[in-house]
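Listing of entry_5.cif; format and content: mmCIF, C-alpha atoms.
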data_start
#
loop_
_atom_site.label_atom_id
_atom_site.label_comp_id
_atom_site.auth_asym_id
_atom_site.auth_seq_id
_atom_site.Cartn_x
_atom_site.Cartn_y
_atom_site.Cartn_z
CA MET A 1 0.00 0.00 0.00
CA SER A 2 3.05 2.30 0.20
CA HIS A 3 3.58 2.32 -3.58
CA PRO A 4 3.35 5.88 -4.99
CA LEU A 5 0.84 4.75 -7.63
CA LEU A 6 -1.55 3.96 -4.79
CA ARG A 7 -0.95 6.81 -2.36
CA ASN A 8 0.46 9.69 -4.42
CA PRO A 9 -2.12 11.33 -6.73
CA SER A 10 0.43 13.64 -8.39
CA PHE A 11 2.70 10.77 -9.36
CA ARG A 12 -0.30 8.76 -10.54
CA VAL A 13 -1.18 11.54 -13.00
CA LEU A 14 2.47 11.93 -14.05
CA PHE A 15 2.74 8.16 -14.55
CA ALA A 16 -0.36 8.13 -16.77
CA GLY A 17 0.97 10.96 -18.93
CA ARG A 18 4.45 9.50 -19.34
CA SER A 19 2.97 6.07 -20.10
CA LEU A 20 0.83 7.47 -22.91
CA SER A 21 3.85 9.24 -24.39
CA LEU A 22 5.91 6.05 -24.26
CA ILE A 23 3.17 4.09 -26.04
CA GLY A 24 2.96 6.69 -28.79
CA ASP A 25 6.74 6.83 -29.19
CA ALA A 26 6.96 3.02 -29.42
CA VAL A 27 4.72 3.08 -32.49
CA VAL A 28 6.46 5.89 -34.41
CA PRO A 29 9.89 4.40 -35.39
CA ALA A 30 8.36 1.66 -37.54
CA ALA A 31 5.81 4.08 -38.99
CA LEU A 32 8.48 6.67 -39.82
CA ALA A 33 10.72 4.15 -41.57
CA LEU A 34 7.85 2.77 -43.61
CA ALA A 35 6.46 6.21 -44.46
CA VAL A 36 9.80 7.56 -45.73
CA LEU A 37 10.57 4.40 -47.70
CA ARG A 38 7.09 4.46 -49.27
CA ALA A 39 7.48 8.12 -50.22
CA THR A 40 11.06 8.00 -51.54
CA GLY A 41 12.15 4.37 -51.86
CA SER A 42 15.55 5.50 -50.53
CA THR A 43 17.40 4.37 -47.41
CA SER A 44 19.54 7.50 -47.74
CA ALA A 45 16.41 9.61 -47.33
CA LEU A 46 15.55 7.64 -44.19
CA ALA A 47 19.05 8.21 -42.81
CA LEU A 48 18.65 11.93 -43.53
CA VAL A 49 15.36 12.12 -41.64
CA LEU A 50 16.76 10.20 -38.67
CA GLY A 51 19.79 12.47 -38.62
CA CYS A 52 17.53 15.53 -38.63
CA ALA A 53 16.11 14.35 -35.31
CA MET A 54 19.40 13.16 -33.77
CA VAL A 55 21.71 16.11 -34.52
CA PRO A 56 19.69 18.90 -32.86
CA ARG A 57 18.98 16.59 -29.94
CA LEU A 58 22.71 16.07 -29.31
CA LEU A 59 23.63 19.71 -29.87
CA LEU A 60 20.94 21.10 -27.57
CA LEU A 61 21.02 18.58 -24.70
CA PRO A 62 23.38 20.65 -22.48
CA LEU A 63 21.21 23.72 -23.03
CA GLY A 64 18.16 21.59 -22.22
CA GLY A 65 19.77 20.68 -18.91
CA VAL A 66 20.33 24.34 -18.04
CA VAL A 67 16.71 25.20 -18.87
CA GLY A 68 15.47 22.21 -16.87
CA ASP A 69 17.28 23.48 -13.76
CA ARG A 70 16.41 27.17 -14.19
CA PHE A 71 12.68 26.62 -14.71
CA ASN A 72 10.11 24.27 -13.24
CA ALA A 73 10.43 20.85 -14.87
CA ARG A 74 6.64 20.69 -15.25
CA THR A 75 6.61 23.88 -17.36
CA VAL A 76 9.46 22.68 -19.58
CA ALA A 77 7.97 19.21 -20.07
CA LEU A 78 4.50 20.59 -20.79
CA THR A 79 5.89 23.01 -23.41
CA THR A 80 7.94 20.33 -25.14
CA ASP A 81 4.95 17.98 -25.16
CA LEU A 82 2.92 20.61 -27.01
CA VAL A 83 5.73 21.20 -29.53
CA ARG A 84 6.08 17.48 -30.21
CA CYS A 85 2.32 17.15 -30.47
CA ALA A 86 2.33 19.77 -33.22
CA THR A 87 5.25 18.22 -35.14
CA GLN A 88 3.84 14.68 -35.02
CA LEU A 89 0.39 15.91 -36.05
CA PHE A 90 1.94 17.81 -38.96
CA VAL A 91 3.74 14.67 -40.19
CA GLY A 92 0.57 12.62 -39.76
CA ILE A 93 -1.45 15.08 -41.83
CA GLN A 94 1.26 15.07 -44.50
CA LEU A 95 1.12 11.28 -44.73
CA LEU A 96 -2.66 11.10 -44.67
CA GLY A 97 -2.77 13.65 -47.51
CA GLY A 98 -1.13 11.11 -49.80
CA ASN A 99 1.67 13.36 -51.12
CA PRO A 100 4.22 13.82 -48.31
CA GLN A 101 7.23 16.06 -48.96
CA LEU A 102 10.54 14.82 -47.62
CA TRP A 103 11.71 18.27 -46.56
CA HIS A 104 8.48 18.84 -44.63
CA ILE A 105 9.06 15.65 -42.66
CA ALA A 106 12.74 16.56 -42.15
CA ILE A 107 11.88 19.99 -40.70
CA ALA A 108 9.29 18.44 -38.39
CA GLU A 109 11.91 15.95 -37.16
CA VAL A 110 14.38 18.78 -36.53
CA LEU A 111 11.82 20.58 -34.35
CA GLY A 112 10.83 17.36 -32.60
CA GLY A 113 14.46 16.45 -31.94
CA ALA A 114 15.14 19.92 -30.52
CA ALA A 115 12.10 19.64 -28.24
CA SER A 116 13.22 16.23 -26.98
CA ALA A 117 16.61 17.74 -26.02
CA PHE A 118 14.75 19.94 -23.53
CA ALA A 119 12.32 17.22 -22.44
CA MET A 120 14.74 14.38 -21.69
CA PRO A 121 16.63 16.04 -18.78
CA THR A 122 13.37 16.93 -17.01
CA LEU A 123 12.16 13.42 -16.13
CA PRO A 124 14.33 12.95 -13.01
CA SER A 125 13.24 16.39 -11.77
CA LEU A 126 9.59 15.51 -12.41
CA ILE A 127 10.00 12.41 -10.24
CA THR A 128 11.90 14.09 -7.40
CA GLY A 129 9.36 16.92 -7.50
CA THR A 130 6.32 14.67 -7.06
CA VAL A 131 7.40 11.77 -4.81
CA THR A 132 9.21 11.44 -1.48
CA GLU A 133 12.74 10.10 -1.17
CA LYS A 134 11.49 6.69 -0.05
CA GLU A 135 9.12 6.46 -3.04
CA ARG A 136 11.71 7.20 -5.73
CA HIS A 137 12.81 3.65 -6.40
CA ALA A 138 9.25 2.39 -6.75
CA ALA A 139 8.40 5.31 -9.04
CA ASN A 140 11.42 4.73 -11.28
CA SER A 141 10.72 1.01 -11.40
CA ALA A 142 7.09 1.56 -12.40
CA LEU A 143 8.12 3.83 -15.27
CA GLY A 144 10.83 1.36 -16.25
CA VAL A 145 8.30 -1.46 -16.49
CA VAL A 146 6.03 0.65 -18.72
CA LYS A 147 8.94 1.61 -20.97
CA SER A 148 9.99 -2.02 -21.29
CA GLY A 149 6.42 -3.11 -21.95
CA THR A 150 5.96 -0.55 -24.71
CA GLN A 151 9.17 -1.71 -26.38
CA LEU A 152 7.84 -5.25 -26.24
CA GLY A 153 4.39 -4.46 -27.62
CA GLY A 154 5.15 -1.30 -29.60
CA PRO A 155 6.31 -2.93 -32.85
CA ALA A 156 3.28 -5.23 -32.89
CA LEU A 157 0.93 -2.28 -32.25
CA ALA A 158 2.68 -0.30 -34.98
CA GLY A 159 2.32 -3.16 -37.44
CA LEU A 160 -1.37 -3.54 -36.65
CA LEU A 161 -2.02 0.20 -36.95
CA ILE A 162 -0.05 0.52 -40.20
CA TRP A 163 -1.81 -2.52 -41.68
CA ALA A 164 -5.26 -1.27 -40.67
CA ALA A 165 -5.00 2.47 -41.33
CA GLY A 166 -1.55 3.41 -42.66
CA PRO A 167 1.51 5.04 -41.07
CA GLY A 168 -0.09 8.49 -40.94
CA TRP A 169 -2.44 7.42 -38.16
CA ALA A 170 0.54 6.25 -36.09
CA PHE A 171 1.78 9.84 -36.02
CA VAL A 172 -1.69 11.12 -35.20
CA LEU A 173 -1.78 8.67 -32.28
CA ASP A 174 1.60 9.91 -31.05
CA ALA A 175 0.42 13.53 -31.33
CA ALA A 176 -2.67 12.67 -29.29
CA SER A 177 -0.53 11.00 -26.61
CA PHE A 178 1.57 14.17 -26.27
CA ALA A 179 -1.56 16.32 -26.07
CA VAL A 180 -3.04 14.19 -23.27
CA SER A 181 0.33 14.13 -21.49
CA ALA A 182 0.48 17.93 -21.58
CA ALA A 183 -3.06 18.16 -20.21
CA LEU A 184 -2.18 15.79 -17.36
CA LEU A 185 0.98 17.76 -16.53
CA ALA A 186 -1.12 20.92 -16.36
CA ALA A 187 -3.24 19.27 -13.66
CA ILE A 188 -0.42 18.61 -11.16
CA ARG A 189 2.12 20.61 -9.19
CA VAL A 190 5.81 19.74 -9.26
CA ARG A 191 8.16 21.01 -6.58
CA HIS A 192 10.98 23.16 -7.94
CA VAL A 193 14.24 24.16 -6.26
CA PRO A 194 15.16 27.68 -7.50
CA VAL A 195 18.74 28.14 -8.69
CA PRO A 196 20.62 31.44 -8.98
CA ARG A 197 20.64 32.94 -12.47
CA ARG A 198 24.11 33.06 -14.02
CA ARG A 199 25.63 33.18 -17.45
CA LEU A 200 25.01 30.14 -19.62
CA ARG A 201 28.66 29.12 -19.61
CA GLU A 202 28.79 29.19 -15.81
CA ASP A 203 25.72 26.95 -15.60
CA LEU A 204 27.24 24.48 -18.08
CA VAL A 205 30.55 24.43 -16.21
CA GLU A 206 28.82 23.88 -12.87
CA GLY A 207 26.88 20.93 -14.30
CA TRP A 208 30.06 19.36 -15.69
CA ARG A 209 31.87 19.95 -12.37
CA GLU A 210 29.11 18.00 -10.61
CA VAL A 211 29.66 15.13 -13.07
CA ARG A 212 33.44 14.87 -12.80
CA SER A 213 33.55 15.39 -9.02
CA ARG A 214 31.94 11.98 -8.48
CA ASP A 215 34.10 9.03 -9.55
CA TRP A 216 31.16 6.62 -9.36
CA TYR A 217 29.19 8.79 -11.78
CA TRP A 218 31.59 9.68 -14.57
CA THR A 219 33.16 6.22 -14.71
CA SER A 220 29.68 4.72 -15.01
CA LEU A 221 28.94 7.16 -17.85
CA VAL A 222 31.99 5.85 -19.70
CA GLY A 223 30.57 2.33 -19.34
CA HIS A 224 27.12 3.45 -20.49
CA ALA A 225 28.60 5.19 -23.55
CA ALA A 226 30.57 2.03 -24.40
CA TRP A 227 27.36 0.01 -24.07
CA ASN A 228 25.47 2.29 -26.46
CA GLY A 229 28.29 2.22 -29.00
CA ALA A 230 28.39 -1.58 -28.81
CA ALA A 231 24.61 -1.74 -29.18
CA ALA A 232 24.88 0.30 -32.37
CA VAL A 233 27.45 -2.17 -33.71
CA LEU A 234 25.17 -5.12 -32.97
CA MET A 235 22.12 -3.41 -34.50
CA THR A 236 24.14 -2.63 -37.64
CA LEU A 237 25.78 -6.02 -38.22
CA GLY A 238 23.37 -8.36 -36.41
CA PRO A 239 20.54 -8.52 -38.98
CA ALA A 240 22.79 -9.59 -41.85
CA LEU A 241 24.57 -12.18 -39.70
CA ALA A 242 21.27 -13.59 -38.47
CA VAL A 243 20.00 -13.93 -42.03
CA ASP A 244 23.21 -15.27 -43.59
CA GLU A 245 24.68 -17.38 -40.77
CA LEU A 246 22.00 -18.25 -38.20
CA GLY A 247 18.95 -19.28 -40.22
CA GLY A 248 17.10 -16.29 -41.66
CA GLU A 249 14.97 -13.30 -40.80
CA GLY A 250 12.97 -15.24 -38.22
CA VAL A 251 16.11 -15.61 -36.11
CA TRP A 252 16.64 -11.85 -36.02
CA VAL A 253 12.99 -11.30 -35.04
CA ALA A 254 13.44 -13.90 -32.28
CA ILE A 255 16.57 -12.11 -31.04
CA LEU A 256 14.72 -8.80 -30.82
CA GLN A 257 11.73 -10.34 -29.07
CA ALA A 258 13.99 -12.11 -26.57
CA GLY A 259 15.62 -8.76 -25.88
CA ALA A 260 12.26 -7.07 -25.34
CA ILE A 261 11.19 -9.81 -22.93
CA GLY A 262 14.52 -9.61 -21.11
CA LEU A 263 14.16 -5.84 -20.80
CA LEU A 264 10.75 -6.26 -19.16
CA VAL A 265 12.00 -8.99 -16.82
CA GLY A 266 14.95 -6.83 -15.76
CA SER A 267 12.65 -3.88 -15.04
CA LEU A 268 10.37 -6.06 -12.94
CA LEU A 269 13.36 -7.45 -11.03
CA ALA A 270 14.62 -3.92 -10.34
CA GLY A 271 11.32 -3.12 -8.64
CA ARG A 272 11.79 -6.00 -6.19
CA ALA A 273 15.54 -6.04 -5.59
CA ARG A 274 17.39 -3.74 -3.20
CA PRO A 275 21.10 -4.41 -3.83
CA ARG A 276 23.45 -3.08 -1.18
CA ARG A 277 25.75 -1.67 -3.88
CA PRO A 278 23.25 -0.59 -6.57
CA VAL A 279 25.61 1.10 -9.05
CA LEU A 280 28.12 -1.76 -8.90
CA VAL A 281 25.49 -4.45 -9.40
CA ALA A 282 23.77 -2.54 -12.22
CA ASN A 283 27.05 -1.94 -14.09
CA LEU A 284 28.02 -5.60 -13.80
CA GLY A 285 24.61 -6.51 -15.24
CA LEU A 286 25.24 -4.13 -18.13
CA ALA A 287 28.54 -5.91 -18.87
CA THR A 288 26.57 -9.01 -19.93
CA TYR A 289 26.02 -7.28 -23.28
CA ALA A 290 29.42 -8.68 -24.21
CA LEU A 291 27.81 -12.15 -24.40
CA PRO A 292 25.63 -11.73 -27.53
CA LEU A 293 28.39 -9.73 -29.22
CA ALA A 294 30.94 -12.48 -28.64
CA LEU A 295 28.52 -15.26 -29.61
CA LEU A 296 27.62 -13.51 -32.86
CA ALA A 297 31.30 -13.01 -33.62
CA ALA A 298 31.97 -16.71 -32.94
CA GLU A 299 28.99 -17.76 -35.12
CA ALA A 300 27.41 -19.62 -32.20
CA PRO A 301 24.10 -21.45 -32.67
CA ALA A 302 21.00 -19.29 -32.90
CA PRO A 303 19.45 -20.41 -29.56
CA ALA A 304 22.61 -19.37 -27.71
CA VAL A 305 22.59 -15.90 -29.30
CA ILE A 306 18.87 -15.47 -28.64
CA GLY A 307 19.24 -16.44 -24.97
CA ALA A 308 22.33 -14.27 -24.49
CA TYR A 309 20.60 -11.23 -25.95
CA GLY A 310 17.66 -11.74 -23.60
CA VAL A 311 20.03 -11.88 -20.61
CA ALA A 312 21.90 -8.77 -21.80
CA GLN A 313 18.71 -6.76 -22.19
CA ALA A 314 17.58 -7.90 -18.75
CA GLY A 315 20.75 -6.25 -17.46
CA LEU A 316 19.71 -3.02 -19.17
CA GLY A 317 16.17 -3.26 -17.80
CA PHE A 318 17.58 -3.70 -14.30
CA LEU A 319 20.05 -0.83 -14.63
CA ASN A 320 17.67 1.91 -15.77
CA PRO A 321 15.49 2.33 -12.64
CA VAL A 322 18.36 1.49 -10.27
CA TRP A 323 20.57 4.10 -11.91
CA GLN A 324 17.80 6.73 -11.92
CA THR A 325 17.15 6.19 -8.22
CA SER A 326 20.87 6.40 -7.40
CA VAL A 327 21.32 9.62 -9.36
CA GLN A 328 18.23 11.24 -7.85
CA ALA A 329 19.45 10.33 -4.37
CA ALA A 330 22.98 11.68 -4.83
CA ILE A 331 22.70 14.72 -7.12
CA PRO A 332 21.27 17.97 -5.68
CA GLU A 333 17.95 18.90 -7.29
CA GLY A 334 19.29 22.28 -8.42
CA VAL A 335 21.73 20.64 -10.86
CA LEU A 336 19.90 17.39 -11.57
CA ALA A 337 18.71 18.31 -15.09
CA ARG A 338 22.18 19.47 -16.17
CA VAL A 339 23.85 16.33 -14.85
CA THR A 340 21.21 14.21 -16.58
CA SER A 341 21.77 16.04 -19.87
CA TYR A 342 25.46 15.10 -19.83
CA ASP A 343 24.45 11.49 -19.18
CA TRP A 344 22.19 11.51 -22.24
CA LEU A 345 24.79 13.35 -24.33
CA LEU A 346 27.50 10.75 -23.77
CA SER A 347 25.12 7.82 -24.19
CA LEU A 348 23.44 9.05 -27.38
CA GLY A 349 26.66 10.47 -28.83
CA ALA A 350 28.30 7.04 -28.82
CA MET A 351 25.60 5.46 -30.98
CA PRO A 352 26.30 7.33 -34.26
CA LEU A 353 29.96 6.39 -33.83
CA GLY A 354 29.00 2.73 -33.69
CA TYR A 355 26.71 3.04 -36.69
CA VAL A 356 29.50 4.60 -38.77
CA LEU A 357 32.46 2.47 -37.68
CA ALA A 358 30.76 -0.94 -37.69
CA PRO A 359 30.25 -1.29 -41.47
CA LEU A 360 33.65 0.26 -42.22
CA ALA A 361 35.42 -2.22 -39.93
CA ALA A 362 33.33 -5.13 -41.23
CA ASN A 363 34.25 -4.30 -44.83
CA ALA A 364 37.94 -4.08 -43.95
CA TRP A 365 38.38 -7.07 -41.60
CA GLY A 366 35.07 -8.98 -41.57
CA ALA A 367 32.08 -8.70 -39.25
CA GLY A 368 33.73 -10.71 -36.49
CA THR A 369 36.39 -8.07 -35.76
CA PRO A 370 34.13 -5.14 -34.76
CA LEU A 371 31.92 -7.54 -32.78
CA TRP A 372 34.88 -8.94 -30.82
CA VAL A 373 36.28 -5.47 -30.20
CA SER A 374 32.87 -4.22 -29.04
CA ALA A 375 32.49 -7.20 -26.70
CA VAL A 376 35.85 -6.49 -25.06
CA VAL A 377 35.21 -2.75 -24.80
CA VAL A 378 31.77 -3.09 -23.20
CA ALA A 379 32.98 -5.79 -20.78
CA VAL A 380 36.01 -3.79 -19.67
CA ALA A 381 34.21 -0.43 -19.49
CA CYS A 382 31.20 -1.72 -17.50
CA ALA A 383 32.77 -4.43 -15.33
CA GLY A 384 35.87 -2.28 -14.86
CA THR A 385 33.87 0.18 -12.77
CA ALA A 386 34.19 -2.39 -9.97
CA ALA A 387 37.75 -1.11 -9.54
CA VAL A 388 36.49 2.40 -8.71
CA PRO A 389 36.21 3.02 -4.93
CA GLY A 390 33.17 5.25 -5.28
CA VAL A 391 31.28 2.60 -7.26
CA ARG A 392 32.04 -0.12 -4.72
CA ARG A 393 31.04 1.98 -1.70
CA PHE A 394 28.00 3.79 -3.11
CA THR A 395 24.67 2.81 -1.57
CA VAL A 396 21.14 4.20 -1.18
CA ARG A 397 19.21 3.87 2.08
CA ASP A 398 15.60 5.04 2.27
CA GLY A 399 16.09 7.18 -0.82
CA VAL A 400 19.24 8.91 0.51
CA ALA A 401 22.67 8.30 -1.00
CA ASP A 402 25.45 7.21 1.33
CA THR A 403 28.78 5.42 1.23
CA LEU A 404 29.75 2.14 2.82
CA PRO A 405 32.65 2.34 5.28
CA ALA A 406 35.93 3.21 3.58
CA PRO A 407 39.13 1.30 4.23
CA ALA A 408 41.04 2.24 7.37
CA GLY A 409 43.03 5.43 7.00
CA SER A 410 40.92 6.93 4.18
CA ARG A 411 38.48 9.80 4.52
CA ARG A 412 34.80 8.93 4.14
CA ARG A 413 32.95 11.29 1.79
CA SER A 414 29.23 11.49 0.99
CA PRO A 415 28.21 11.00 -2.66
CA GLN A 416 26.58 14.47 -2.51
CA GLU A 417 29.83 16.18 -1.55
CA PRO A 418 31.81 17.44 -4.56
CA ALA A 419 35.48 16.63 -4.72
CA PRO A 420 37.81 19.53 -3.82
CA ARG A 421 38.40 21.70 -6.85
CA HIS A 422 42.20 21.38 -6.63
CA THR A 423 41.97 17.58 -6.71
CA PRO A 424 39.39 16.64 -9.39
CA ALA A 425 37.93 13.16 -9.09
CA GLY A 426 38.35 12.32 -12.76
CA PRO A 427 39.83 13.54 -16.03
CA GLU A 428 38.45 16.58 -17.80
CA SER A 429 36.96 14.50 -20.63
CA PRO A 430 36.18 10.98 -19.35
#
File written out as structure tokens:
Amino acid sequence: MSHPLLRNPSFRVLFAGRSLSLIGDAVVPAALALAVLRATGSTSALALVLGCAMVPRLLLLPLGGVVGDRFNARTVALTTDLVRCATQLFVGIQLLGGNPQLWHIAIAEVLGGAASAFAMPTLPSLITGTVTEKERHAANSALGVVKSGTQLGGPALAGLLIWAAGPGWAFVLDAASFAVSAALLAAIRVRHVPVPRRRLREDLVEGWREVRSRDWYWTSLVGHAAWNGAAAVLMTLGPALAVDELGGEGVWVAILQAGAIGLLVGSLLAGRARPRRPVLVANLGLATYALPLALLAAEAPAPAVIGAYGVAQAGLGFLNPVWQTSVQAAIPEGVLARVTSYDWLLSLGAMPLGYVLAPLAANAWGAGTPLWVSAVVVAVACAGTAAVPGVRRFTVRDGVADTLPAPAGSRRRSPQEPAPRHTPAGPESP
């Protein structure tokens, strides 16, 4: 009965709005790919449209973090929901009209990508502003389960909607989900911690200082970036290997479905488990992504690859809510959006690198080489965080970050306390 969905009306409304947005977003990727290919018949055009959404998102994420800290997260999220509602509705109308223009869709994706750069850093602040410290883990786990569930059922819902009514209606559905989400956000109050107004550069520097002053945080970000880069390699090379070496298109579909199921299982497990060292356990779970990479490189039997990918995605499903709770417990609310924006920037920035390098390396040395390299990198980067003192000693008790006892002779420092400025905790560019 202590779950925030049962006893916290504000979070219940927030949860409903975010869930609707996640459902709409799960439908759009398949609809966008099909719509662009139907209109142009060109994969290059599809890459252009996807890039139009990704580039402004990456460029504006740090600014989105500053805005998320300066203003109430509810106001920022509500505004971005309305912008994305308009862009998705515009694309839907274009597709339903029967004569979509590629540059119209590209401009809409630019605006939508820019809006998402301001929306993404606000979610942790929305949670900390609506629930108590003790409720944070349950709240993050509930949202993690919904996100995993939409990724499991989203492609099927997209296929059904496209088959029944066409891709245009998928965008109309997404626009409607953003409109309802904005209306729900307007109905709640979200606590905001005012921050002093400074120059933009000072705000950006302060956010980065908060990142690098915590060894458990920036080293984990390196692991998360490595994971995303490795995931891009697998998504680029995996389909062809599944078709050519493992038995056909059905094997690749089975791999993806196993991953979606694993993601949901990991999210459910995160809601029940309370590991004593949450960041350490979550990062070790993330290191299991090396398994499907190595098995694909070794041309292992299809069942082994399918099972390994399910286990790896379970590690991701477990990490997401555990990581969110840890960050919300340790990072002051006044800088939470900026710190989150750097997290997203490193994670999303690594994916285009994987998409570009994977086919180049495969053409030069064969598909096995980039897969083996990615497996080693993700294993070392994620499991290697176990060597970091801050990762090993970090813990969360009743929603408050703390450290386990340090070895004799060393000074014990709270995760909220920044490292002294003359002795930075990590390199300038981890």
Once the PyMOL selection byres ((chain A and resi 385-398) around 6) has been applied to the shown file, what residues remain in the selection, as an MDAnalysis selection string?
chainID A and resid 134 215:216 277 280 382:384 399:404
Take the residues that were just selected and, keeping C-alpha atoms, output them as a PDB file, in the coordinates of the input.
ATOM      1  CA  LYS A 134      11.490   6.690  -0.050  1.00  0.00           C
ATOM      2  CA  ASP A 215      34.100   9.030  -9.550  1.00  0.00           C
ATOM      3  CA  TRP A 216      31.160   6.620  -9.360  1.00  0.00           C
ATOM      4  CA  ARG A 277      25.750  -1.670  -3.880  1.00  0.00           C
ATOM      5  CA  LEU A 280      28.120  -1.760  -8.900  1.00  0.00           C
ATOM      6  CA  CYS A 382      31.200  -1.720 -17.500  1.00  0.00           C
ATOM      7  CA  ALA A 383      32.770  -4.430 -15.330  1.00  0.00           C
ATOM      8  CA  GLY A 384      35.870  -2.280 -14.860  1.00  0.00           C
ATOM      9  CA  GLY A 399      16.090   7.180  -0.820  1.00  0.00           C
ATOM     10  CA  VAL A 400      19.240   8.910   0.510  1.00  0.00           C
ATOM     11  CA  ALA A 401      22.670   8.300  -1.000  1.00  0.00           C
ATOM     12  CA  ASP A 402      25.450   7.210   1.330  1.00  0.00           C
ATOM     13  CA  THR A 403      28.780   5.420   1.230  1.00  0.00           C
ATOM     14  CA  LEU A 404      29.750   2.140   2.820  1.00  0.00           C
TER      15      LEU A 404
END
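Take the candidates A:Leu96, A:Ile188, A:Ala179, A:Val131 and check each one against Leu6 in chain A using only C-alpha atoms; the shortest distance goes to A:Val131.
Omitting Ala260 in chain A and its sequence neighbours fewer than 5 positions away, and counting all atoms listed in the file, the residues within 8 Å are A:Ser148, A:Gly149, A:Gln151, A:Leu152, A:Gly310, A:Gln313.
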Which residues, named as in the file, does the PyMOL selection byres ((chain A and resi 135) around 12) pick out? Answer as a VMD selection string.
chain A and resid 1 to 8 11 127 to 134 136 to 142 271 325 328 to 329 397 to 400
Between CA of Gly144 in chain A and CA of Arg272 in chain A - distance in Å to one decimal:
12.5 Å
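Straight-line separation from CA of Arg84 in chain A to CA of Leu264 in chain A: 26.6 Å.
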Neighbours of Val322 in chain A within 7 Å (all atoms listed in the file; same-chain residues fewer than 3 positions away dropped), as a count of residues only?
6
Polymer residues at most 10 Å from Leu34 in chain A, all atoms listed in the file, same-chain spacing of 3 or more positions, as a PyMOL selection string
chain A and resi 28-31+37-39+41+46+162+166-167
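Atom pair CA of Ile107 in chain A / CA of Ala26 in chain A has a distance of 21.0 Å (rounded to one decimal).
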What does the PyMOL selection byres ((chain A and resi 72) around 9) select in this file, as number ranges by chain?
A: 67-71, 73-77, 122, 125-126, 190-194
Could you produce a table of the residues of range 150-247 of chain A lying within 10 Å of range 295-300 of chain A, with the nearest pair of atoms per residue and their separation in Å rounded to one decimal, using only C-alpha atoms, ordered by chain and increasing residue number, as a tab-separated table?
residue	atom	partner	partner_atom	distance
A:Leu234	CA	A:Leu296	CA	8.7
A:Leu237	CA	A:Leu296	CA	9.4
A:Gly238	CA	A:Leu296	CA	7.6
A:Leu241	CA	A:Leu296	CA	7.6
A:Ala242	CA	A:Leu296	CA	8.5
A:Glu245	CA	A:Glu299	CA	7.1
A:Leu246	CA	A:Glu299	CA	7.7
